[in-house]
>>> print(open('target15.cif').read())   # mmCIF, C-alpha atoms
data_my_file
loop_
_atom_site.label_atom_id
_atom_site.label_comp_id
_atom_site.auth_asym_id
_atom_site.auth_seq_id
_atom_site.Cartn_x
_atom_site.Cartn_y
_atom_site.Cartn_z
CA MET A 1 -38.43 -6.53 17.35
CA ASN A 2 -34.76 -5.59 16.90
CA PHE A 3 -32.37 -8.34 17.97
CA ASP A 4 -29.18 -6.55 16.92
CA ILE A 5 -26.54 -6.27 19.60
CA PRO A 6 -25.46 -2.66 20.21
CA GLU A 7 -22.02 -1.88 18.77
CA HIS A 8 -20.46 -1.11 22.19
CA LEU A 9 -21.59 -4.52 23.43
CA ALA A 10 -20.37 -6.41 20.36
CA LYS A 11 -16.93 -4.84 20.92
CA TYR A 12 -17.05 -5.76 24.59
CA LEU A 13 -17.84 -9.40 23.75
CA GLN A 14 -14.70 -9.46 21.58
CA GLU A 15 -12.72 -7.99 24.48
CA LEU A 16 -14.11 -10.66 26.81
CA ASP A 17 -13.27 -13.45 24.38
CA ALA A 18 -9.70 -12.16 24.07
CA PHE A 19 -9.41 -12.05 27.87
CA ILE A 20 -10.72 -15.61 28.17
CA GLU A 21 -8.22 -16.86 25.59
CA ALA A 22 -5.30 -15.00 27.19
CA GLN A 23 -6.02 -15.40 30.93
CA ILE A 24 -8.80 -17.84 31.78
CA LEU A 25 -8.35 -20.73 29.35
CA PRO A 26 -4.62 -21.08 30.15
CA LEU A 27 -5.52 -21.18 33.88
CA GLN A 28 -8.12 -23.87 33.18
CA MET A 29 -5.56 -25.93 31.24
CA GLN A 30 -2.78 -25.38 33.79
CA ASP A 31 -1.69 -28.46 35.73
CA ASP A 32 -4.78 -30.69 35.92
CA ASN A 33 -7.35 -27.91 36.43
CA ASN A 34 -9.40 -29.12 33.49
CA ARG A 35 -10.54 -32.05 35.63
CA PHE A 36 -13.02 -29.61 37.17
CA PHE A 37 -14.74 -29.29 33.78
CA ASP A 38 -14.55 -32.71 32.12
CA HIS A 39 -16.13 -36.07 32.96
CA ARG A 40 -14.33 -36.06 36.34
CA ARG A 41 -15.82 -32.75 37.48
CA GLU A 42 -18.28 -33.99 40.11
CA ASP A 43 -15.64 -35.93 42.02
CA ALA A 44 -12.92 -33.31 41.44
CA ARG A 45 -15.06 -30.49 42.86
CA THR A 46 -16.38 -32.35 45.88
CA ASP A 47 -14.99 -32.87 49.37
CA TRP A 48 -16.66 -36.14 50.24
CA ASP A 49 -15.25 -36.10 53.77
CA LYS A 50 -17.14 -32.85 54.45
CA GLY A 51 -20.55 -34.06 53.40
CA GLY A 52 -20.20 -33.21 49.72
CA LEU A 53 -19.26 -29.54 50.08
CA PRO A 54 -17.08 -27.96 47.39
CA ASN A 55 -13.41 -28.70 48.04
CA ALA A 56 -10.80 -26.04 48.76
CA GLU A 57 -8.84 -26.53 45.53
CA TRP A 58 -11.98 -25.98 43.43
CA GLU A 59 -12.94 -22.88 45.41
CA GLU A 60 -9.40 -21.48 45.08
CA LEU A 61 -9.48 -21.93 41.31
CA LEU A 62 -12.79 -20.07 41.06
CA MET A 63 -11.41 -17.26 43.22
CA GLU A 64 -8.30 -16.95 41.03
CA ALA A 65 -10.46 -16.64 37.92
CA LYS A 66 -12.56 -13.97 39.64
CA ARG A 67 -9.42 -12.10 40.77
CA ARG A 68 -8.11 -12.06 37.21
CA ALA A 69 -11.47 -10.94 35.85
CA ASP A 70 -11.74 -8.21 38.47
CA ALA A 71 -8.20 -6.96 37.78
CA ALA A 72 -9.05 -6.79 34.07
CA GLY A 73 -12.25 -4.83 34.77
CA HIS A 74 -14.72 -7.54 33.84
CA PHE A 75 -16.03 -9.02 37.08
CA ARG A 76 -17.83 -5.85 38.24
CA PHE A 77 -19.15 -4.94 34.79
CA ALA A 78 -22.74 -4.33 35.96
CA SER A 79 -21.73 -2.43 39.09
CA PRO A 80 -21.88 1.36 39.17
CA ARG A 81 -18.63 3.11 38.19
CA GLU A 82 -18.21 4.41 41.74
CA TYR A 83 -17.88 0.77 42.86
CA GLY A 84 -15.40 -0.25 40.18
CA GLY A 85 -17.92 -1.27 37.55
CA LYS A 86 -18.86 -0.13 34.07
CA ASP A 87 -22.54 0.68 34.67
CA GLY A 88 -23.56 -2.30 32.55
CA SER A 89 -27.27 -2.49 31.85
CA ASN A 90 -29.61 -5.45 32.30
CA LEU A 91 -29.60 -5.90 28.52
CA ASP A 92 -25.80 -5.89 28.51
CA MET A 93 -25.71 -8.53 31.24
CA ALA A 94 -28.27 -10.74 29.51
CA VAL A 95 -26.30 -10.67 26.26
CA ILE A 96 -22.96 -11.21 28.04
CA ARG A 97 -24.19 -14.12 30.14
CA GLU A 98 -25.79 -15.78 27.10
CA HIS A 99 -22.57 -15.27 25.14
CA LEU A 100 -20.50 -16.87 27.90
CA ALA A 101 -22.94 -19.77 28.18
CA THR A 102 -22.74 -20.48 24.46
CA ARG A 103 -18.98 -20.95 24.81
CA GLY A 104 -19.80 -24.06 26.84
CA LEU A 105 -18.68 -25.21 30.27
CA GLY A 106 -15.43 -23.71 31.44
CA LEU A 107 -13.67 -21.56 33.99
CA HIS A 108 -15.10 -18.49 32.26
CA ASN A 109 -18.66 -19.49 33.13
CA ASP A 110 -20.26 -22.43 34.94
CA LEU A 111 -24.04 -22.38 35.08
CA GLN A 112 -24.16 -25.23 37.60
CA ASN A 113 -22.83 -23.05 40.41
CA GLU A 114 -23.39 -19.53 38.99
CA HIS A 115 -19.65 -18.86 38.64
CA SER A 116 -18.82 -16.31 35.95
CA ILE A 117 -15.97 -13.95 35.13
CA VAL A 118 -18.68 -11.29 34.72
CA GLY A 119 -20.33 -11.23 38.11
CA ASN A 120 -24.05 -10.91 38.63
CA ASN A 121 -24.00 -9.00 41.91
CA VAL A 122 -27.65 -8.10 42.25
CA GLY A 123 -27.27 -7.57 46.01
CA LEU A 124 -24.97 -4.60 45.47
CA LEU A 125 -27.26 -3.08 42.85
CA LEU A 126 -30.28 -3.42 45.13
CA MET A 127 -28.42 -1.87 48.05
CA VAL A 128 -27.16 1.06 45.96
CA HIS A 129 -30.62 1.82 44.60
CA TYR A 130 -32.90 0.97 47.50
CA GLY A 131 -30.83 0.81 50.68
CA THR A 132 -31.04 3.45 53.37
CA GLU A 133 -27.88 5.44 54.08
CA GLN A 134 -27.36 3.38 57.24
CA GLN A 135 -27.73 0.11 55.32
CA LYS A 136 -25.35 1.32 52.61
CA THR A 137 -22.74 2.27 55.22
CA GLU A 138 -23.05 -1.12 56.91
CA TRP A 139 -23.30 -3.41 53.88
CA ILE A 140 -21.83 -1.99 50.65
CA ASP A 141 -18.18 -2.76 51.45
CA ASP A 142 -19.13 -6.40 52.06
CA LEU A 143 -21.17 -6.58 48.85
CA GLU A 144 -18.49 -5.26 46.49
#
>>> encode(input="target15.cif", output="C-alpha cells")
Amino acid sequence: MNFDIPEHLAKYLQELDAFIEAQILPLQMQDDNNRFFDHRREDARTDWDKGGLPNAEWEELLMEAKRRADAAGHFRFASPREYGGKDGSNLDMAVIREHLATRGLGLHNDLQNEHSIVGNNVGLLLMVHYGTEQQKTEWIDDLE
C-alpha cells in the first residue's frame, strides 16, 4: 500500500501551516483568547447561566477563525469550485484533518467540537450530488 502524500497535497499542507502561523495562531494568542485552549478551557467556553451552552465570546472567536479561513480559501476546501471550494477529495480531507489534529489543540482545529479552519461540510456535498433541483434551490444557499 502506498502511503505517500500526493505532491499537490503536501504543498497545500505547507500553505495551511503558513496560514495558521500568520492568521490563526496570532488570533488565538490575542488578548486572553488562549484561555479557550489551555487548562481553563471548559470554564472559559461555557455559559453556566444558560445551562452549560457555549458562551458568546467563544462562539465569536470560532466564527472569526472560520471567516479568516474562508477569506483565505481554506474553509470550503472540499466544496465544489462552483460553491467557492477547491474540489478537495475525501483523501485530501482525511490527510488535512489528520495533519491539523497532529498540530494539537488550537484555534486551527478542535476535535472536541468539530471546529476546523478546513470545514467538513458533508451536508452541502450530499445536497449537490443527491438533492433534487427543488431541494438544491431551497437548501444550498443555507448550506454554503
>>> closest_residue(input="target15.cif", among="A:Gly84, A:Ala56, A:Val95, A:His108", to="Ala22 of chain A", atoms="only C-alpha atoms")
A:His108
>>> resolve_selection(input="target15.cif", expression="the PyMOL selection byres ((chain A and resi 96) around 9)", output="MDAnalysis selection string")
chainID A and resid 9 12:13 16 91:95 97:101 118
>>> residues_around(input="target15.cif", residues="segment 102-107 of chain A", least_positions_apart="2", cutoff="12 Å", atoms="only C-alpha atoms", output="VMD selection string")
chain A and resid 13 16 to 17 20 to 21 23 to 30 33 to 39 41 58 to 66 68 to 69 95 to 100 109 to 118
>>> resolve_selection(input="target15.cif", expression="the PyMOL selection byres ((chain A and resi 127) around 12)", output="MDAnalysis selection string")
chainID A and resid 79:80 121:126 128:144
>>> atom_distance(input="target15.cif", atom1="atom CA of Asp32 of chain A", atom2="atom CA of Arg76 of chain A")
28.2 Å
>>> atom_distance(input="target15.cif", atom1="atom CA of Ala10 of chain A", atom2="atom CA of Gly73 of chain A")
16.6 Å
>>> atom_distance(input="target15.cif", atom1="atom CA of Ala71 of chain A", atom2="atom CA of Tyr83 of chain A")
13.4 Å
>>> axis_aligned_box(input="target15.cif", around="segment 126-138 of chain A", padding_each_side="8 Å", output="lines of an AutoDock Vina configuration file")
center_x = -27.8
center_y = 1.0
center_z = 50.9
size_x = 26.2
size_y = 24.9
size_z = 28.6
>>> build_atoms(input="target15.cif", residues="segment 13-42 of chain A", atoms="N, CA and C atoms", output="tab-separated table (two decimals), in the coordinates of the input")
chain	number	residue	atom	x	y	z
A	13	LEU	N	-17.87	-7.94	23.85
A	13	LEU	CA	-17.84	-9.40	23.75
A	13	LEU	C	-16.52	-9.86	23.14
A	14	GLN	N	-16.01	-9.13	22.17
A	14	GLN	CA	-14.70	-9.46	21.58
A	14	GLN	C	-13.60	-9.28	22.62
A	15	GLU	N	-13.70	-8.23	23.41
A	15	GLU	CA	-12.72	-7.99	24.48
A	15	GLU	C	-12.76	-9.12	25.50
A	16	LEU	N	-13.96	-9.55	25.87
A	16	LEU	CA	-14.11	-10.66	26.81
A	16	LEU	C	-13.52	-11.95	26.25
A	17	ASP	N	-13.81	-12.24	25.00
A	17	ASP	CA	-13.27	-13.45	24.38
A	17	ASP	C	-11.75	-13.43	24.36
A	18	ALA	N	-11.16	-12.28	24.07
A	18	ALA	CA	-9.70	-12.16	24.07
A	18	ALA	C	-9.15	-12.39	25.47
A	19	PHE	N	-9.82	-11.85	26.48
A	19	PHE	CA	-9.41	-12.05	27.87
A	19	PHE	C	-9.49	-13.54	28.26
A	20	ILE	N	-10.56	-14.19	27.86
A	20	ILE	CA	-10.72	-15.61	28.17
A	20	ILE	C	-9.59	-16.41	27.54
A	21	GLU	N	-9.29	-16.14	26.29
A	21	GLU	CA	-8.22	-16.86	25.59
A	21	GLU	C	-6.85	-16.60	26.21
A	22	ALA	N	-6.62	-15.37	26.66
A	22	ALA	CA	-5.30	-15.00	27.19
A	22	ALA	C	-5.11	-15.35	28.67
A	23	GLN	N	-6.17	-15.27	29.48
A	23	GLN	CA	-6.02	-15.40	30.93
A	23	GLN	C	-6.76	-16.59	31.55
A	24	ILE	N	-7.96	-16.85	31.10
A	24	ILE	CA	-8.80	-17.84	31.78
A	24	ILE	C	-8.58	-19.25	31.23
A	25	LEU	N	-8.57	-19.40	29.93
A	25	LEU	CA	-8.35	-20.73	29.35
A	25	LEU	C	-6.98	-21.30	29.73
A	26	PRO	N	-5.90	-20.51	29.70
A	26	PRO	CA	-4.62	-21.08	30.15
A	26	PRO	C	-4.66	-21.52	31.63
A	27	LEU	N	-5.37	-20.78	32.48
A	27	LEU	CA	-5.52	-21.18	33.88
A	27	LEU	C	-6.30	-22.49	33.98
A	28	GLN	N	-7.34	-22.63	33.18
A	28	GLN	CA	-8.12	-23.87	33.18
A	28	GLN	C	-7.27	-25.06	32.72
A	29	MET	N	-6.38	-24.84	31.78
A	29	MET	CA	-5.56	-25.93	31.24
A	29	MET	C	-4.28	-26.16	32.04
A	30	GLN	N	-3.99	-25.27	32.97
A	30	GLN	CA	-2.78	-25.38	33.79
A	30	GLN	C	-2.88	-26.60	34.70
A	31	ASP	N	-1.75	-27.27	34.88
A	31	ASP	CA	-1.69	-28.46	35.73
A	31	ASP	C	-2.82	-29.41	35.31
A	32	ASP	N	-3.65	-29.82	36.25
A	32	ASP	CA	-4.78	-30.69	35.92
A	32	ASP	C	-6.10	-29.98	36.23
A	33	ASN	N	-6.14	-28.66	36.10
A	33	ASN	CA	-7.35	-27.91	36.43
A	33	ASN	C	-8.54	-28.27	35.55
A	34	ASN	N	-8.28	-28.79	34.36
A	34	ASN	CA	-9.40	-29.12	33.49
A	34	ASN	C	-10.25	-30.26	34.04
A	35	ARG	N	-9.75	-30.97	35.02
A	35	ARG	CA	-10.54	-32.05	35.63
A	35	ARG	C	-11.83	-31.52	36.26
A	36	PHE	N	-11.83	-30.23	36.59
A	36	PHE	CA	-13.02	-29.61	37.17
A	36	PHE	C	-14.11	-29.37	36.13
A	37	PHE	N	-13.79	-29.60	34.85
A	37	PHE	CA	-14.74	-29.29	33.78
A	37	PHE	C	-15.00	-30.45	32.83
A	38	ASP	N	-14.32	-31.56	33.00
A	38	ASP	CA	-14.55	-32.71	32.12
A	38	ASP	C	-15.37	-33.77	32.85
A	39	HIS	N	-15.32	-34.99	32.39
A	39	HIS	CA	-16.13	-36.07	32.96
A	39	HIS	C	-15.82	-36.34	34.43
A	40	ARG	N	-14.70	-35.84	34.93
A	40	ARG	CA	-14.33	-36.06	36.34
A	40	ARG	C	-14.84	-34.96	37.26
A	41	ARG	N	-15.53	-33.98	36.73
A	41	ARG	CA	-15.82	-32.75	37.48
A	41	ARG	C	-16.54	-32.95	38.80
A	42	GLU	N	-17.52	-33.82	38.86
A	42	GLU	CA	-18.28	-33.99	40.11
A	42	GLU	C	-17.35	-34.43	41.24
